[in-house]
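Asks: One file: input21.txt (compact mmCIF, N, CA and C atoms).
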```
# COMPACT_ATOMS: atom_id res chain seq x y z
N MET X 286 137.32 84.25 157.41
CA MET X 286 137.85 82.99 157.90
C MET X 286 137.00 81.84 157.33
N MET X 287 137.65 80.91 156.72
CA MET X 287 136.95 79.75 156.15
C MET X 287 136.54 78.79 157.26
N ARG X 288 135.29 78.38 157.21
CA ARG X 288 134.78 77.39 158.14
C ARG X 288 134.11 76.28 157.36
N LYS X 289 134.21 75.07 157.86
CA LYS X 289 133.54 73.94 157.22
C LYS X 289 132.06 73.98 157.60
N VAL X 290 131.19 73.85 156.62
CA VAL X 290 129.76 73.83 156.88
C VAL X 290 129.33 72.39 157.11
N GLN X 291 128.69 72.14 158.25
CA GLN X 291 128.21 70.81 158.59
C GLN X 291 126.70 70.75 158.36
N TYR X 292 126.29 69.70 157.67
CA TYR X 292 124.88 69.51 157.30
C TYR X 292 124.34 68.27 158.02
N PRO X 293 123.88 68.41 159.27
CA PRO X 293 123.31 67.26 159.96
C PRO X 293 122.12 66.69 159.19
N LYS X 294 121.87 65.41 159.37
CA LYS X 294 120.81 64.73 158.64
C LYS X 294 119.46 65.42 158.80
N SER X 295 119.13 65.84 160.01
CA SER X 295 117.83 66.48 160.26
C SER X 295 117.71 67.78 159.47
N PHE X 296 118.79 68.56 159.39
CA PHE X 296 118.76 69.79 158.60
C PHE X 296 118.62 69.47 157.12
N SER X 297 119.41 68.52 156.64
CA SER X 297 119.38 68.17 155.22
C SER X 297 117.99 67.73 154.78
N LYS X 298 117.32 66.92 155.61
CA LYS X 298 115.96 66.47 155.28
C LYS X 298 115.01 67.64 155.17
N LYS X 299 115.09 68.55 156.13
CA LYS X 299 114.19 69.71 156.13
C LYS X 299 114.47 70.61 154.93
N ALA X 300 115.74 70.82 154.60
CA ALA X 300 116.12 71.65 153.46
C ALA X 300 115.64 71.02 152.15
N LEU X 301 115.78 69.70 152.02
CA LEU X 301 115.31 69.02 150.81
C LEU X 301 113.80 69.13 150.65
N ARG X 302 113.06 69.00 151.75
CA ARG X 302 111.60 69.17 151.68
C ARG X 302 111.23 70.58 151.25
N LEU X 303 111.95 71.56 151.79
CA LEU X 303 111.69 72.95 151.44
C LEU X 303 111.93 73.20 149.96
N VAL X 304 113.04 72.69 149.44
CA VAL X 304 113.37 72.87 148.02
C VAL X 304 112.40 72.10 147.13
N LYS X 305 111.95 70.95 147.60
CA LYS X 305 110.99 70.17 146.82
C LYS X 305 109.68 70.94 146.66
N LYS X 306 109.25 71.62 147.72
CA LYS X 306 108.03 72.44 147.67
C LYS X 306 108.24 73.71 146.86
N ASN X 307 109.46 74.25 146.92
CA ASN X 307 109.78 75.53 146.29
C ASN X 307 111.09 75.42 145.51
N PRO X 308 111.07 74.80 144.33
CA PRO X 308 112.31 74.58 143.57
C PRO X 308 113.12 75.85 143.29
N VAL X 309 112.49 77.01 143.28
CA VAL X 309 113.23 78.25 143.03
C VAL X 309 114.20 78.58 144.15
N LEU X 310 114.07 77.89 145.30
CA LEU X 310 114.97 78.15 146.43
C LEU X 310 116.29 77.39 146.34
N LYS X 311 116.40 76.45 145.42
CA LYS X 311 117.60 75.62 145.34
C LYS X 311 118.86 76.45 145.11
N GLU X 312 118.84 77.29 144.11
CA GLU X 312 120.03 78.10 143.80
C GLU X 312 120.37 79.09 144.92
N PRO X 313 119.39 79.85 145.43
CA PRO X 313 119.72 80.75 146.55
C PRO X 313 120.24 80.02 147.78
N LEU X 314 119.71 78.83 148.05
CA LEU X 314 120.17 78.06 149.20
C LEU X 314 121.63 77.63 149.02
N ASN X 315 121.98 77.15 147.84
CA ASN X 315 123.37 76.78 147.58
C ASN X 315 124.29 77.99 147.70
N LYS X 316 123.80 79.15 147.28
CA LYS X 316 124.59 80.37 147.38
C LYS X 316 124.85 80.71 148.85
N VAL X 317 123.81 80.59 149.69
CA VAL X 317 123.95 80.86 151.11
C VAL X 317 124.97 79.90 151.73
N PHE X 318 124.91 78.62 151.38
CA PHE X 318 125.86 77.64 151.91
C PHE X 318 127.29 78.03 151.54
N ASN X 319 127.51 78.45 150.31
CA ASN X 319 128.85 78.85 149.87
C ASN X 319 129.34 80.09 150.62
N ILE X 320 128.45 81.05 150.82
CA ILE X 320 128.83 82.27 151.54
C ILE X 320 129.13 81.93 153.00
N LEU X 321 128.31 81.09 153.62
CA LEU X 321 128.55 80.70 155.02
C LEU X 321 129.93 80.08 155.19
N GLU X 322 130.36 79.32 154.21
CA GLU X 322 131.68 78.68 154.28
C GLU X 322 132.79 79.73 154.25
N ARG X 323 132.61 80.75 153.45
CA ARG X 323 133.63 81.80 153.32
C ARG X 323 133.60 82.81 154.46
N ASP X 324 132.39 83.29 154.80
CA ASP X 324 132.27 84.35 155.80
C ASP X 324 130.85 84.37 156.36
N VAL X 325 130.67 83.84 157.57
CA VAL X 325 129.33 83.76 158.17
C VAL X 325 128.73 85.14 158.42
N PHE X 326 129.58 86.16 158.46
CA PHE X 326 129.09 87.51 158.71
C PHE X 326 129.06 88.37 157.45
N ASP X 327 129.04 87.74 156.29
CA ASP X 327 128.89 88.48 155.03
C ASP X 327 127.61 89.31 155.12
N PRO X 328 127.67 90.60 154.80
CA PRO X 328 126.50 91.46 154.93
C PRO X 328 125.26 90.97 154.15
N SER X 329 125.45 90.25 153.07
CA SER X 329 124.31 89.80 152.28
C SER X 329 123.46 88.77 153.03
N LEU X 330 124.04 88.11 154.04
CA LEU X 330 123.31 87.11 154.82
C LEU X 330 122.50 87.70 155.96
N LYS X 331 122.84 88.92 156.35
CA LYS X 331 122.19 89.57 157.49
C LYS X 331 122.26 88.69 158.74
N THR X 332 123.42 88.09 158.96
CA THR X 332 123.64 87.21 160.11
C THR X 332 123.48 87.99 161.40
N HIS X 333 122.77 87.40 162.34
CA HIS X 333 122.60 88.03 163.64
C HIS X 333 122.51 86.98 164.74
N ALA X 334 123.00 87.37 165.92
CA ALA X 334 122.96 86.49 167.08
C ALA X 334 121.53 86.42 167.60
N LEU X 335 121.17 85.25 168.13
CA LEU X 335 119.84 85.06 168.69
C LEU X 335 119.90 85.13 170.20
N SER X 336 118.75 85.34 170.81
CA SER X 336 118.70 85.43 172.27
C SER X 336 117.59 84.52 172.79
N GLY X 337 117.37 84.58 174.07
CA GLY X 337 116.34 83.76 174.69
C GLY X 337 116.71 82.29 174.63
N LYS X 338 115.73 81.44 174.29
CA LYS X 338 115.99 80.00 174.26
C LYS X 338 116.96 79.61 173.15
N LEU X 339 117.20 80.51 172.20
CA LEU X 339 118.15 80.24 171.11
C LEU X 339 119.48 80.96 171.32
N ASN X 340 119.73 81.42 172.53
CA ASN X 340 120.97 82.12 172.86
C ASN X 340 122.18 81.26 172.49
N GLY X 341 123.17 81.87 171.87
CA GLY X 341 124.37 81.14 171.45
C GLY X 341 124.30 80.68 170.01
N LEU X 342 123.13 80.83 169.39
CA LEU X 342 122.96 80.46 167.98
C LEU X 342 122.84 81.71 167.14
N TYR X 343 122.93 81.51 165.82
CA TYR X 343 122.85 82.60 164.87
C TYR X 343 121.81 82.28 163.81
N SER X 344 121.36 83.34 163.15
CA SER X 344 120.40 83.19 162.06
C SER X 344 120.87 84.03 160.89
N CYS X 345 120.57 83.56 159.69
CA CYS X 345 120.82 84.36 158.50
C CYS X 345 119.61 84.24 157.57
N TYR X 346 119.54 85.15 156.62
CA TYR X 346 118.43 85.20 155.69
C TYR X 346 118.73 84.39 154.44
N LEU X 347 117.77 83.58 154.02
CA LEU X 347 117.81 82.98 152.68
C LEU X 347 117.08 83.94 151.75
N ASN X 348 115.95 84.42 152.21
CA ASN X 348 115.19 85.47 151.52
C ASN X 348 114.36 86.17 152.60
N ASN X 349 113.41 86.99 152.20
CA ASN X 349 112.63 87.74 153.19
C ASN X 349 111.81 86.85 154.12
N GLU X 350 111.51 85.64 153.69
CA GLU X 350 110.67 84.75 154.49
C GLU X 350 111.43 83.62 155.18
N ILE X 351 112.48 83.12 154.55
CA ILE X 351 113.17 81.91 155.03
C ILE X 351 114.45 82.25 155.79
N ARG X 352 114.61 81.60 156.95
CA ARG X 352 115.79 81.79 157.79
C ARG X 352 116.54 80.46 157.95
N VAL X 353 117.83 80.57 158.17
CA VAL X 353 118.68 79.42 158.47
C VAL X 353 119.28 79.66 159.85
N ILE X 354 119.09 78.69 160.76
CA ILE X 354 119.63 78.77 162.11
C ILE X 354 120.88 77.89 162.19
N PHE X 355 121.93 78.41 162.81
CA PHE X 355 123.19 77.66 162.87
C PHE X 355 123.99 78.02 164.11
N LYS X 356 124.97 77.16 164.38
CA LYS X 356 125.91 77.37 165.48
C LYS X 356 127.30 77.54 164.88
N ILE X 357 128.05 78.48 165.41
CA ILE X 357 129.40 78.76 164.92
C ILE X 357 130.42 78.25 165.94
N THR X 358 131.41 77.51 165.46
CA THR X 358 132.57 77.15 166.28
C THR X 358 133.79 77.74 165.59
N ASP X 359 134.96 77.54 166.17
CA ASP X 359 136.17 78.12 165.60
C ASP X 359 136.41 77.69 164.16
N ASP X 360 136.08 76.43 163.84
CA ASP X 360 136.40 75.94 162.50
C ASP X 360 135.20 75.43 161.70
N SER X 361 133.98 75.57 162.25
CA SER X 361 132.83 75.06 161.51
C SER X 361 131.56 75.86 161.77
N VAL X 362 130.61 75.65 160.88
CA VAL X 362 129.26 76.18 161.00
C VAL X 362 128.34 74.98 160.92
N SER X 363 127.60 74.72 161.99
CA SER X 363 126.69 73.58 162.02
C SER X 363 125.27 74.08 161.79
N LEU X 364 124.69 73.69 160.66
CA LEU X 364 123.34 74.12 160.30
C LEU X 364 122.34 73.32 161.13
N LEU X 365 121.38 74.03 161.75
CA LEU X 365 120.46 73.39 162.68
C LEU X 365 119.01 73.37 162.22
N ASP X 366 118.56 74.45 161.60
CA ASP X 366 117.16 74.52 161.20
C ASP X 366 117.00 75.48 160.03
N ILE X 367 115.92 75.29 159.29
CA ILE X 367 115.59 76.15 158.16
C ILE X 367 114.07 76.21 158.06
N GLY X 368 113.56 77.37 157.73
CA GLY X 368 112.13 77.53 157.57
C GLY X 368 111.73 78.99 157.64
N THR X 369 110.43 79.22 157.70
CA THR X 369 109.95 80.59 157.82
C THR X 369 110.34 81.14 159.18
N HIS X 370 110.25 82.44 159.30
CA HIS X 370 110.57 83.12 160.57
C HIS X 370 109.82 82.46 161.72
N ASP X 371 108.52 82.30 161.58
CA ASP X 371 107.72 81.71 162.67
C ASP X 371 108.11 80.27 162.96
N GLU X 372 108.39 79.51 161.92
CA GLU X 372 108.76 78.09 162.12
C GLU X 372 110.04 77.95 162.92
N VAL X 373 111.07 78.67 162.54
CA VAL X 373 112.37 78.46 163.19
C VAL X 373 112.50 79.14 164.55
N TYR X 374 111.82 80.26 164.75
CA TYR X 374 111.94 80.93 166.04
C TYR X 374 110.97 80.42 167.08
N LYS X 375 109.85 79.87 166.68
CA LYS X 375 108.88 79.37 167.65
C LYS X 375 109.04 77.89 167.94
N THR X 376 109.54 77.12 166.96
CA THR X 376 109.62 75.69 167.16
C THR X 376 111.05 75.16 167.16
N SER X 377 112.02 76.02 166.96
CA SER X 377 113.39 75.56 166.84
C SER X 377 113.91 74.99 168.16
N LEU X 378 114.58 73.88 168.04
CA LEU X 378 115.30 73.23 169.12
C LEU X 378 114.45 73.16 170.35
```
What do you get writing this file as structure tokens?
Replies:
Amino acid sequence: MMRKVQYPKSFSKKALRLVKKNPVLKEPLNKVFNILERDVFDPSLKTHALSGKLNGLYSCYLNNEIRVIFKITDDSVSLLDIGTHDEVYKTSL
């Protein structure tokens, strides 16, 4: 199911800083955005539901270290946070 990917300003700023520090992440990040638009549960993303204080949100892998946190609605995916495992799970929202 196709969903529109929403890039809130706070997410975009954080993603740009991440890519600026690690330019090799630009292409994989764009790939993840394209896959999220087509199928948020594509096996390559390793999408999984979160629990606890992040209940109702989902996470996917950019690589072994970087995660993307997002919310799914019927017609969109709203990107909320990006960073290392510790950054997004301990400080997210």
Asks: Up to 5 Å from (109.4, 79.0, 154.9) in the file's coordinates: name the residues, counting only N, CA and C atoms, as a VMD selection string.
Replies: chain X and resid 351 368 to 369
Asks: Go through X:Val304, X:Met287, X:Lys375, X:Cys345 one by one, measure the shortest atom-to-atom distance of each to Glu322 in chain X using only N, CA and C atoms, and give the residue with the smallest value.
Replies: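 Checking each candidate against Glu322 in chain X, we get X:Met287 as the closest.
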Asks: Could you give me the residues within chain X that DSSP places in alpha helix (DSSP H), as number ranges by chain?
Replies: X: 294-306, 311-323, 370-376
Asks: Find the spatial neighbours of Lys289 in chain X, counting only N, CA and C atoms, within a cut-off of 5 Å - ignore same-chain residues fewer than 4 positions away - and output them as a PyMOL selection string.
Replies: chain X and resi 360-362
Asks: So, with only N, CA and C atoms as the atoms that count, which of X:Tyr346, X:Ile357, X:Arg288, X:Ile367 lies closest to Val317 in chain X?
Replies: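 For Val317 in chain X, the nearest of the candidates is X:Tyr346.
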Asks: I need every residue sitting at most 8 Å from the point (120.0, 90.2, 158.7) (coordinates as in the file, all atoms listed in the file considered), written as a ChimeraX atom specification.
Replies: /X:328-333,344-346
Asks: Within 7 Å of Tyr292 in chain X, counting only N, CA and C atoms, which residues qualify if same-chain residues fewer than 5 places away don't, as a CSV table (one decimal) with N, CA and C atoms, keeping the file's coordinate frame?
Replies:
```csv
chain,number,residue,atom,x,y,z
X,297,SER,N,119.4,68.5,156.6
X,297,SER,CA,119.4,68.2,155.2
X,297,SER,C,118.0,67.7,154.8
X,362,VAL,N,130.6,75.6,160.9
X,362,VAL,CA,129.3,76.2,161.0
X,362,VAL,C,128.3,75.0,160.9
X,363,SER,N,127.6,74.7,162.0
X,363,SER,CA,126.7,73.6,162.0
X,363,SER,C,125.3,74.1,161.8
X,364,LEU,N,124.7,73.7,160.7
X,364,LEU,CA,123.3,74.1,160.3
X,364,LEU,C,122.3,73.3,161.1
```
Asks: How far is it from CA of Phe296 in chain X to atom C of Leu365 in chain X, in Å with one decimal?
Replies: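 So the answer is 5.1 Å.
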Asks: Identify, with DSSP run on backbone atoms, the residues in chain X assigned to strand (DSSP E), and express the list as a count of residues only.
Replies: 25
Asks: Please indicate the distance in Å from atom N of Glu350 in chain X to atom N of His370 in chain X, rounded to one decimal place.
Replies: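 Calculated distance between atom N of Glu350 in chain X and atom N of His370 in chain X is 6.6 Å.
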Asks: May I ask for the distance between CA of Ser336 in chain X and atom N of Glu312 in chain X, given in Å to one decimal place?
Replies: 29.3 Å
